[in-house]
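Engineer: For reference, this is coords_34.cif, and it has mmCIF, C-alpha atoms.
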```cif
data_run
#
loop_
_atom_site.label_atom_id
_atom_site.label_comp_id
_atom_site.auth_asym_id
_atom_site.auth_seq_id
_atom_site.Cartn_x
_atom_site.Cartn_y
_atom_site.Cartn_z
CA MET E 37 21.73 5.17 -19.92
CA SER E 38 22.75 6.45 -16.47
CA LEU E 39 20.25 7.50 -13.82
CA LYS E 40 21.51 11.08 -14.03
CA ARG E 41 20.96 11.11 -17.81
CA ARG E 42 17.41 9.74 -17.45
CA GLN E 43 16.65 12.36 -14.81
CA LEU E 44 17.91 15.10 -17.10
CA LEU E 45 15.85 13.88 -20.04
CA LYS E 46 12.75 13.77 -17.86
CA LEU E 47 13.53 17.25 -16.55
CA PHE E 48 14.04 18.64 -20.02
CA ALA E 49 10.80 17.12 -21.24
CA SER E 50 8.96 19.00 -18.50
CA PHE E 51 10.33 22.26 -19.95
CA SER E 52 9.39 21.50 -23.57
CA ALA E 53 6.17 23.52 -23.50
CA LEU E 54 7.99 26.40 -21.82
CA ALA E 55 10.73 26.28 -24.46
CA ALA E 56 8.18 26.71 -27.26
CA THR E 57 7.00 30.05 -25.93
CA THR E 58 9.89 31.34 -23.84
CA ALA E 59 13.36 32.68 -24.65
CA PRO E 60 16.16 30.11 -24.28
CA SER E 61 17.69 32.08 -21.41
CA ALA E 62 14.57 31.49 -19.30
CA VAL E 63 14.71 27.76 -19.93
CA SER E 64 18.41 27.78 -19.07
CA LYS E 65 17.73 29.49 -15.76
CA ALA E 66 15.06 26.92 -14.97
CA LEU E 67 17.50 24.11 -15.70
CA ASN E 68 20.17 25.81 -13.61
CA SER E 69 17.89 25.90 -10.56
CA ASN E 70 18.48 22.17 -10.17
CA SER E 71 21.53 20.28 -8.96
CA ILE E 72 24.85 20.19 -10.76
CA ILE E 73 25.45 17.87 -13.70
CA LYS E 74 28.58 15.73 -13.87
CA PRO E 75 29.90 14.41 -17.20
CA GLU E 76 31.24 10.92 -17.81
CA ARG E 77 34.89 10.34 -16.97
CA LEU E 78 37.43 9.78 -19.73
CA ARG E 79 38.07 6.19 -20.78
CA GLN E 80 40.39 4.67 -23.39
CA GLY E 81 38.80 4.51 -26.83
CA MET E 82 36.41 7.43 -26.31
CA THR E 83 36.04 10.03 -29.04
CA ILE E 84 37.28 13.55 -28.30
CA GLY E 85 35.89 16.48 -30.27
CA LEU E 86 38.42 19.18 -31.14
CA VAL E 87 37.24 22.79 -31.37
CA THR E 88 38.73 26.28 -31.72
CA PRO E 89 36.07 28.55 -30.17
CA ALA E 90 38.35 31.58 -29.88
CA SER E 91 41.53 32.09 -31.94
CA ASN E 92 43.17 29.51 -34.17
CA VAL E 93 46.69 28.12 -34.23
CA PRO E 94 48.91 29.65 -36.94
CA GLU E 95 49.24 26.67 -39.26
CA ASP E 96 47.21 23.61 -40.21
CA GLU E 97 50.09 21.38 -39.17
CA ASP E 98 49.47 22.56 -35.60
CA LEU E 99 45.90 21.23 -35.92
CA LEU E 100 47.22 17.87 -37.11
CA ALA E 101 49.58 17.82 -34.14
CA ALA E 102 46.62 18.43 -31.81
CA SER E 103 44.85 15.41 -33.28
CA ASP E 104 47.98 13.28 -32.84
CA PHE E 105 48.22 14.52 -29.26
CA VAL E 106 44.67 13.33 -28.50
CA ARG E 107 45.42 9.93 -30.07
CA SER E 108 48.51 9.67 -27.88
CA LEU E 109 46.17 9.75 -24.85
CA GLY E 110 44.31 6.71 -26.18
CA PHE E 111 41.31 8.44 -27.80
CA GLU E 112 39.71 8.69 -31.22
CA VAL E 113 39.45 12.17 -32.75
CA LYS E 114 36.48 14.06 -34.19
CA THR E 115 37.42 17.41 -35.71
CA SER E 116 34.86 20.18 -36.04
CA PRO E 117 33.79 21.17 -39.59
CA ASN E 118 35.27 24.67 -39.34
CA LEU E 119 38.46 23.71 -37.52
CA ARG E 120 40.71 25.18 -40.22
CA SER E 121 38.77 28.42 -40.57
CA ARG E 122 40.56 31.68 -39.81
CA LYS E 123 39.31 35.26 -39.71
CA GLN E 124 42.10 37.57 -38.56
CA TYR E 125 42.41 36.95 -34.80
CA LEU E 126 39.38 34.61 -34.75
CA ALA E 127 39.07 30.96 -35.75
CA GLY E 128 36.37 31.73 -38.31
CA SER E 129 33.12 33.63 -37.91
CA ASP E 130 31.17 33.68 -34.66
CA ARG E 131 28.49 31.55 -36.31
CA GLN E 132 31.02 28.95 -37.44
CA ARG E 133 32.63 28.67 -34.04
CA ALA E 134 29.32 28.50 -32.17
CA ASP E 135 27.97 25.91 -34.61
CA ASP E 136 31.06 23.77 -34.11
CA LEU E 137 30.73 23.81 -30.34
CA ASN E 138 26.97 23.20 -30.36
CA SER E 139 27.34 20.32 -32.81
CA MET E 140 29.99 18.65 -30.66
CA PHE E 141 27.60 18.58 -27.70
CA ALA E 142 24.73 17.37 -29.88
CA ASN E 143 26.76 14.62 -31.60
CA PRO E 144 26.23 11.29 -29.77
CA GLU E 145 29.51 9.98 -31.21
CA VAL E 146 31.51 12.62 -29.32
CA ASP E 147 32.25 11.78 -25.67
CA ALA E 148 34.24 14.87 -24.58
CA ILE E 149 35.46 18.18 -26.01
CA PHE E 150 38.98 19.63 -25.89
CA CYS E 151 39.77 23.17 -27.00
CA ILE E 152 42.92 23.54 -29.09
CA ARG E 153 43.81 27.07 -27.95
CA GLY E 154 42.49 30.22 -26.32
CA GLY E 155 43.42 33.66 -27.64
CA TYR E 156 40.33 35.80 -28.09
CA GLY E 157 36.70 35.38 -29.12
CA SER E 158 34.95 33.06 -26.65
CA GLY E 159 32.78 35.82 -25.21
CA ARG E 160 31.37 36.55 -28.67
CA LEU E 161 29.72 33.09 -28.69
CA LEU E 162 27.84 33.12 -25.39
CA ARG E 163 24.49 34.27 -26.82
CA SER E 164 24.71 31.62 -29.55
CA LEU E 165 25.39 28.55 -27.45
CA ASP E 166 22.57 26.00 -27.25
CA TYR E 167 22.43 25.60 -23.46
CA GLU E 168 19.42 23.27 -23.56
CA THR E 169 21.22 20.83 -25.84
CA ILE E 170 24.34 21.09 -23.69
CA ALA E 171 22.34 20.32 -20.54
CA ILE E 172 20.89 17.08 -21.90
CA ASN E 173 24.19 15.99 -23.49
CA PRO E 174 26.64 16.51 -20.62
CA LYS E 175 30.28 16.09 -21.67
CA ILE E 176 33.68 17.14 -20.44
CA ILE E 177 34.73 20.43 -21.99
CA MET E 178 38.24 21.60 -21.16
CA GLY E 179 40.39 24.64 -21.88
CA TYR E 180 41.73 27.75 -20.15
CA SER E 181 42.63 31.39 -20.74
CA ASP E 182 39.99 32.90 -23.11
CA ILE E 183 37.94 29.69 -22.80
CA THR E 184 37.12 30.87 -19.25
CA ALA E 185 34.09 32.72 -20.67
CA ILE E 186 32.60 29.55 -22.17
CA LEU E 187 33.35 27.38 -19.15
CA ASN E 188 31.62 29.70 -16.69
CA ALA E 189 28.70 30.49 -19.00
CA ILE E 190 27.94 26.81 -19.57
CA HIS E 191 28.08 26.03 -15.86
CA THR E 192 25.96 29.06 -14.97
CA HIS E 193 23.23 28.20 -17.50
CA THR E 194 23.18 24.40 -17.23
CA GLY E 195 24.79 23.28 -13.99
CA LEU E 196 27.29 21.17 -15.97
CA LEU E 197 30.73 20.96 -14.38
CA THR E 198 33.33 22.34 -16.81
CA PHE E 199 37.11 22.08 -16.64
CA HIS E 200 39.71 24.83 -16.53
CA GLY E 201 42.74 22.89 -17.70
CA PRO E 202 45.23 22.19 -20.47
CA ILE E 203 44.50 22.59 -24.16
CA ALA E 204 45.12 20.15 -27.01
CA GLY E 205 47.46 22.65 -28.65
CA ASP E 206 50.16 21.95 -26.05
CA ASN E 207 51.86 18.83 -24.77
CA PHE E 208 51.22 17.69 -21.21
CA SER E 209 54.12 17.88 -18.81
CA GLU E 210 54.45 14.90 -16.49
CA TYR E 211 52.86 17.02 -13.75
CA THR E 212 49.91 18.05 -15.95
CA TYR E 213 49.34 14.48 -17.11
CA ASN E 214 49.18 13.29 -13.50
CA GLN E 215 46.74 16.06 -12.54
CA TYR E 216 44.59 15.35 -15.60
CA ASN E 217 44.43 11.66 -14.66
CA ARG E 218 43.64 12.52 -11.06
CA VAL E 219 40.60 14.63 -11.98
CA LEU E 220 39.25 13.23 -15.26
CA VAL E 221 40.39 9.62 -15.66
CA GLU E 222 40.80 7.98 -12.25
CA PRO E 223 38.99 10.31 -9.85
CA ARG E 224 38.68 9.69 -6.14
CA GLN E 225 36.10 11.15 -3.78
CA THR E 226 38.63 13.50 -2.17
CA ILE E 227 41.76 14.64 -4.02
CA GLN E 228 44.22 17.49 -3.69
CA ILE E 229 44.96 19.55 -6.82
CA GLY E 230 47.36 22.29 -7.80
CA GLU E 231 50.18 21.52 -5.38
CA ALA E 232 53.72 22.48 -6.40
CA PRO E 233 55.74 19.99 -8.47
CA ASN E 234 58.27 17.88 -6.60
CA PHE E 235 61.88 18.81 -7.33
CA PRO E 236 64.82 16.69 -6.13
CA VAL E 237 66.09 17.95 -2.79
CA ARG E 238 69.75 18.94 -2.90
CA PRO E 239 72.01 21.39 -1.10
CA GLY E 240 72.04 24.86 -2.56
CA PHE E 241 68.69 24.62 -4.34
CA VAL E 242 65.16 25.75 -3.50
CA ASP E 243 62.22 26.18 -5.85
CA ARG E 244 61.99 29.95 -6.22
CA VAL E 245 59.12 29.90 -8.74
CA ASN E 246 56.42 27.60 -7.41
CA ARG E 247 56.08 28.97 -3.90
CA LEU E 248 52.89 29.34 -1.90
CA THR E 249 52.02 32.55 -0.10
CA THR E 250 49.28 32.77 2.50
CA ILE E 251 47.66 36.17 1.94
CA VAL E 252 44.94 35.60 4.56
CA THR E 253 44.94 32.66 6.97
CA GLY E 254 42.09 30.23 7.49
CA SER E 255 40.12 27.58 5.65
CA ALA E 256 36.89 27.55 3.64
CA GLU E 257 34.60 25.30 1.65
CA GLY E 258 32.52 26.14 -1.39
CA HIS E 259 31.93 25.54 -5.08
CA LEU E 260 34.73 26.54 -7.45
CA ILE E 261 34.32 29.41 -9.91
CA GLY E 262 36.75 31.50 -11.89
CA GLY E 263 39.64 31.14 -14.31
CA ASN E 264 41.35 33.91 -16.24
CA LEU E 265 40.86 37.24 -14.46
CA SER E 266 40.60 39.31 -17.64
CA LEU E 267 37.80 37.10 -18.96
CA LEU E 268 35.97 36.77 -15.66
CA VAL E 269 35.72 40.57 -15.38
CA THR E 270 34.02 40.72 -18.80
CA LEU E 271 31.24 38.42 -17.52
CA MET E 272 30.28 40.68 -14.62
CA GLY E 273 26.87 42.27 -15.00
CA THR E 274 25.90 39.83 -17.76
CA PRO E 275 23.63 36.74 -17.64
CA TYR E 276 26.78 34.63 -17.75
CA GLU E 277 28.54 35.70 -14.57
CA PRO E 278 29.08 32.84 -12.12
CA ASN E 279 27.42 32.45 -8.74
CA PHE E 280 29.74 34.05 -6.16
CA ASP E 281 27.59 33.18 -3.14
CA GLY E 282 29.71 30.94 -0.89
CA ALA E 283 32.13 30.14 -3.71
CA ILE E 284 35.89 29.64 -3.78
CA LEU E 285 37.14 31.94 -6.51
CA PHE E 286 40.30 30.94 -8.42
CA LEU E 287 42.12 33.41 -10.66
CA GLU E 288 45.07 33.47 -13.04
CA ASP E 289 46.35 35.71 -15.83
CA VAL E 290 49.25 36.38 -18.18
CA SER E 291 51.07 39.49 -19.44
CA GLU E 292 49.16 41.79 -17.09
CA PRO E 293 51.26 44.23 -15.01
CA PRO E 294 50.30 44.97 -11.39
CA TYR E 295 48.31 48.12 -12.21
CA SER E 296 46.16 46.18 -14.66
CA VAL E 297 45.55 43.35 -12.19
CA ASP E 298 44.78 46.03 -9.58
CA ARG E 299 42.21 47.62 -11.91
CA MET E 300 40.43 44.32 -12.60
CA LEU E 301 40.41 43.21 -8.97
CA THR E 302 39.10 46.64 -7.97
CA HIS E 303 36.29 46.23 -10.50
CA LEU E 304 35.35 42.89 -8.90
CA TRP E 305 35.48 44.52 -5.47
CA LEU E 306 33.24 47.41 -6.58
CA THR E 307 30.57 44.93 -7.73
CA GLY E 308 30.28 43.71 -4.14
CA LYS E 309 30.77 40.12 -5.26
CA LEU E 310 34.05 39.47 -3.45
CA GLU E 311 32.37 39.79 -0.06
CA GLN E 312 30.03 36.93 -1.02
CA LEU E 313 32.90 34.45 -1.39
CA SER E 314 34.08 31.88 1.13
CA GLY E 315 37.70 31.84 -0.08
CA ILE E 316 40.13 32.91 -2.81
CA VAL E 317 42.82 30.99 -4.71
CA LEU E 318 45.38 32.87 -6.77
CA GLY E 319 47.16 30.81 -9.39
CA LYS E 320 49.98 32.04 -11.58
CA PHE E 321 50.16 35.61 -12.92
CA THR E 322 52.92 35.05 -15.44
CA ASP E 323 54.91 37.39 -17.71
CA SER E 324 53.93 40.36 -15.56
CA GLU E 325 57.23 42.22 -15.77
CA TYR E 326 57.33 45.63 -14.18
CA SER E 327 59.81 48.16 -12.90
CA GLY E 328 59.93 51.70 -11.59
CA ASN E 329 57.09 53.40 -9.76
CA THR E 330 54.72 50.50 -9.16
CA LEU E 331 53.23 48.26 -6.52
CA SER E 332 54.45 44.69 -6.55
CA MET E 333 51.98 41.96 -7.44
CA GLU E 334 52.04 40.80 -3.83
CA GLN E 335 51.15 44.30 -2.62
CA VAL E 336 48.22 44.42 -5.05
CA PHE E 337 46.91 41.11 -3.75
CA ARG E 338 47.35 42.07 -0.11
CA GLU E 339 45.70 45.47 -0.47
CA ARG E 340 42.68 44.00 -2.22
CA PHE E 341 42.19 40.74 -0.30
CA GLU E 342 43.40 41.26 3.27
CA PRO E 343 40.50 43.63 4.15
CA LEU E 344 38.02 40.94 3.07
CA GLU E 345 39.33 38.62 5.81
CA LEU E 346 38.62 35.59 3.62
CA PRO E 347 41.10 32.68 3.43
CA THR E 348 43.36 33.54 0.49
CA LEU E 349 46.20 31.49 -0.94
CA ARG E 350 48.59 32.48 -3.73
CA GLY E 351 50.70 30.27 -5.99
CA LEU E 352 48.80 27.10 -6.95
CA MET E 353 49.57 25.57 -10.35
CA ILE E 354 46.73 27.23 -12.26
CA GLY E 355 47.28 29.31 -15.37
CA HIS E 356 49.68 29.95 -18.22
CA VAL E 357 52.40 27.60 -17.02
CA GLU E 358 53.77 24.32 -18.35
CA ASP E 359 52.87 22.47 -15.16
CA LYS E 360 49.17 23.11 -14.64
CA THR E 361 46.32 21.39 -12.86
CA VAL E 362 42.70 20.79 -13.90
CA VAL E 363 40.11 22.76 -11.91
CA PRO E 364 36.46 21.62 -12.17
CA ILE E 365 34.23 24.70 -12.21
CA GLY E 366 31.19 24.04 -10.04
CA ALA E 367 32.68 21.24 -7.92
CA ARG E 368 32.84 21.59 -4.15
CA ALA E 369 36.29 22.08 -2.68
CA ARG E 370 38.09 22.93 0.55
CA LEU E 371 40.78 25.60 0.70
CA ASP E 372 43.30 25.56 3.55
CA ALA E 373 45.36 28.73 3.21
CA ASP E 374 47.57 27.77 6.16
CA GLN E 375 48.46 24.31 4.85
CA GLY E 376 48.60 25.52 1.24
CA THR E 377 46.08 23.04 -0.13
CA LEU E 378 43.03 22.97 -2.39
CA THR E 379 41.10 19.71 -2.05
CA LEU E 380 38.18 18.55 -4.15
CA LEU E 381 35.43 17.21 -1.88
CA GLU E 382 33.69 15.25 -4.63
CA GLN E 383 34.43 13.50 -7.88
CA ALA E 384 33.94 15.89 -10.76
CA VAL E 385 33.08 13.11 -13.25
CA LEU E 386 30.90 10.02 -13.08
#
```
For this file, write the structure as structure tokens.

Structural biologist:
Amino acid sequence: MSLKRRQLLKLFASFSALAATTAPSAVSKALNSNSIIKPERLRQGMTIGLVTPASNVPEDEDLLAASDFVRSLGFEVKTSPNLRSRKQYLAGSDRQRADDLNSMFANPEVDAIFCIRGGYGSGRLLRSLDYETIAINPKIIMGYSDITAILNAIHTHTGLLTFHGPIAGDNFSEYTYNQYNRVLVEPRQTIQIGEAPNFPVRPGFVDRVNRLTTIVTGSAEGHLIGGNLSLLVTLMGTPYEPNFDGAILFLEDVSEPPYSVDRMLTHLWLTGKLEQLSGIVLGKFTDSEYSGNTLSMEQVFRERFEPLELPTLRGLMIGHVEDKTVVPIGARARLDADQGTLTLLEQAVL
């Protein structure tokens, strides 16, 4: 048993009397007042729990493919009891999905948890998650898109680092596999994440897709928060919103036109939270086709972020793209908007 684990068990024991007479949210806040919790890194032969906490994939064969995908990475597979459940656009009832996720954290045979897909429904689980059990059984949990709600809620209420990254429902590109290894398998104390893929240099070709744009110059350090913009906005004003104070906020989204992104960013601005940040990272905002009488996406970003005078960089490999990085929510990082880099200042796993 690691020193961190023993410390957590001792800490949790000190809250046992409080837990008997106090709502779970109060215990969670007490746990969260302490330092961050890092999960164990991934190692060959570990057991990965597969969950669908939001929507499900269309067919059961897709679930079998997800299991084969995990085995291809060198892991054993533990599927959740309700993995094949479907309820219209949800992967079963809220109770089923919450029970599956809670049981994966509680199960000592499960070493880490991968989500199979996003979709919709994660926010419906936040009141039903067992944050105390999660805090004393720290494990990697990874996903993106709708899973943003779960990742930020768990970190906010437990201090556990969570991971905005690829899902088990998709294959890893070579780029994604390298980023995944860099963060979760063979971490170093200081590593750069999210840089553009390397394309062969030849006359007559430039990468027109994965380009970096400095919206506001400068550099900043802080803990990472964020994920999918649409989901982050739904957390504002709830007990599950992340800590913006001194943070580096990273955002991505898909199928949202400029006016919609403008509306959501304006909502964040009206809360007063953006001024508390130290820096901003904009990932990919894909499938945002627009024409006619509209601002461009770049204009939306500049109008909202330039007045803040916070270092802001656009274009890192975060979001609904084949080549994506893994971003540890809660880890300290350094943003250099002039050099176009986001560097983790600590290992996110033990």

Engineer: Under the PyMOL selection byres ((chain E and resi 222-234) around 9), which residues of this model are included? Write them out as a PDB file with C-alpha atoms, in the coordinates of the input.

Structural biologist:
```
ATOM      1  CA  ARG E  77      34.890  10.340 -16.970  1.00  0.00           C
ATOM      2  CA  LEU E  78      37.430   9.780 -19.730  1.00  0.00           C
ATOM      3  CA  TYR E 211      52.860  17.020 -13.750  1.00  0.00           C
ATOM      4  CA  GLN E 215      46.740  16.060 -12.540  1.00  0.00           C
ATOM      5  CA  TYR E 216      44.590  15.350 -15.600  1.00  0.00           C
ATOM      6  CA  ASN E 217      44.430  11.660 -14.660  1.00  0.00           C
ATOM      7  CA  ARG E 218      43.640  12.520 -11.060  1.00  0.00           C
ATOM      8  CA  VAL E 219      40.600  14.630 -11.980  1.00  0.00           C
ATOM      9  CA  LEU E 220      39.250  13.230 -15.260  1.00  0.00           C
ATOM     10  CA  VAL E 221      40.390   9.620 -15.660  1.00  0.00           C
ATOM     11  CA  PHE E 235      61.880  18.810  -7.330  1.00  0.00           C
ATOM     12  CA  PRO E 236      64.820  16.690  -6.130  1.00  0.00           C
ATOM     13  CA  VAL E 237      66.090  17.950  -2.790  1.00  0.00           C
ATOM     14  CA  ASN E 246      56.420  27.600  -7.410  1.00  0.00           C
ATOM     15  CA  ARG E 247      56.080  28.970  -3.900  1.00  0.00           C
ATOM     16  CA  LEU E 248      52.890  29.340  -1.900  1.00  0.00           C
ATOM     17  CA  GLY E 319      47.160  30.810  -9.390  1.00  0.00           C
ATOM     18  CA  GLY E 351      50.700  30.270  -5.990  1.00  0.00           C
ATOM     19  CA  LEU E 352      48.800  27.100  -6.950  1.00  0.00           C
ATOM     20  CA  MET E 353      49.570  25.570 -10.350  1.00  0.00           C
ATOM     21  CA  ILE E 354      46.730  27.230 -12.260  1.00  0.00           C
ATOM     22  CA  ASP E 359      52.870  22.470 -15.160  1.00  0.00           C
ATOM     23  CA  LYS E 360      49.170  23.110 -14.640  1.00  0.00           C
ATOM     24  CA  THR E 361      46.320  21.390 -12.860  1.00  0.00           C
ATOM     25  CA  VAL E 362      42.700  20.790 -13.900  1.00  0.00           C
ATOM     26  CA  VAL E 363      40.110  22.760 -11.910  1.00  0.00           C
ATOM     27  CA  ALA E 369      36.290  22.080  -2.680  1.00  0.00           C
ATOM     28  CA  GLY E 376      48.600  25.520   1.240  1.00  0.00           C
ATOM     29  CA  THR E 377      46.080  23.040  -0.130  1.00  0.00           C
ATOM     30  CA  LEU E 378      43.030  22.970  -2.390  1.00  0.00           C
ATOM     31  CA  THR E 379      41.100  19.710  -2.050  1.00  0.00           C
ATOM     32  CA  LEU E 380      38.180  18.550  -4.150  1.00  0.00           C
ATOM     33  CA  LEU E 381      35.430  17.210  -1.880  1.00  0.00           C
ATOM     34  CA  GLU E 382      33.690  15.250  -4.630  1.00  0.00           C
ATOM     35  CA  GLN E 383      34.430  13.500  -7.880  1.00  0.00           C
ATOM     36  CA  ALA E 384      33.940  15.890 -10.760  1.00  0.00           C
ATOM     37  CA  VAL E 385      33.080  13.110 -13.250  1.00  0.00           C
ATOM     38  CA  LEU E 386      30.900  10.020 -13.080  1.00  0.00           C
TER      39      LEU E 386
END
```

Engineer: Using all atoms listed in the file, determine which residues lie at most 7 Å from stretch 165-172 of chain E, disregarding the query and same-chain residues fewer than 2 positions distant; provide the list as a list in words.

Structural biologist: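 Once the nearby chain positions are removed, what remains is Leu44, Leu45, Ser64, Ala134, Asn138, Phe141, Ala142, Leu161, Leu162, Arg163, Pro174, Ile190, His193, Thr194 and Leu196 of chain E.
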
Engineer: Find the residues near E:Leu301: any atom within 9 Å, counting all atoms listed in the file, skip ones fewer than 5 places away on the same chain, and give them as a list in words.

Structural biologist: Leu265, Val269, Ser296, Leu306, Val336, Phe337 and Arg340 of chain E

Engineer: Would you mind exporting C-alpha atoms of the selected residues as a JSON list (two decimals), keeping the file's coordinate frame?

Structural biologist:
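What ended up in selection-v8.json:
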```
[["chain", "number", "residue", "atom", "x", "y", "z"],
["E", 265, "LEU", "CA", 40.86, 37.24, -14.46],
["E", 269, "VAL", "CA", 35.72, 40.57, -15.38],
["E", 296, "SER", "CA", 46.16, 46.18, -14.66],
["E", 306, "LEU", "CA", 33.24, 47.41, -6.58],
["E", 336, "VAL", "CA", 48.22, 44.42, -5.05],
["E", 337, "PHE", "CA", 46.91, 41.11, -3.75],
["E", 340, "ARG", "CA", 42.68, 44.00, -2.22]]
```

Engineer: Would you list the residues near (29.9, 15.3, -15.2) (no more than 6 Å away, in the coordinates of the file, using all atoms listed in the file) as an MDAnalysis selection string?

Structural biologist: chainID E and resid 73:76 197 385:386

Engineer: Which residues are near E:Glu311? Cut-off 10 Å, all atoms listed in the file, ignore same chain within fewer than 5 positions. Put them as a ChimeraX atom specification.

Structural biologist: /E:280-282,304-305,341,343-346

Engineer: Measure the distance from atom CA of E:Arg153 to atom CA of E:Ile284 in Å and round it to one decimal.

Structural biologist: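 Taking atom CA of E:Arg153 as the start and atom CA of E:Ile284 as the end point, the length is 25.6 Å.
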
Engineer: List every protein, DNA or RNA residue that has at least one atom no more than 12 Å from (28.4, 15.1, -34.8) in the file's coordinates, counting all atoms listed in the file, and write the result as a ChimeraX atom specification.

Structural biologist: /E:83-86,113-117,135-149

Engineer: Where does the PyMOL selection byres ((chain E and resi 272-277) around 10) land in this file, that is, which residues does it pick, as a count of residues only?

Structural biologist: 28

Engineer: Would you please work out which residue, of E:Leu313, E:Leu331, E:Ala256, E:Ile152, is nearest to E:Ala101 when using all atoms listed in the file?

Structural biologist: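 Among the listed residues, E:Ile152 lies closest to E:Ala101.
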
Engineer: Got a sec: who's within 10 Å of E:Asp374, counting only C-alpha atoms, leaving out chain neighbours fewer than 5 positions off, as a PyMOL selection string?

Structural biologist: chain E and resi 248-255+347-349
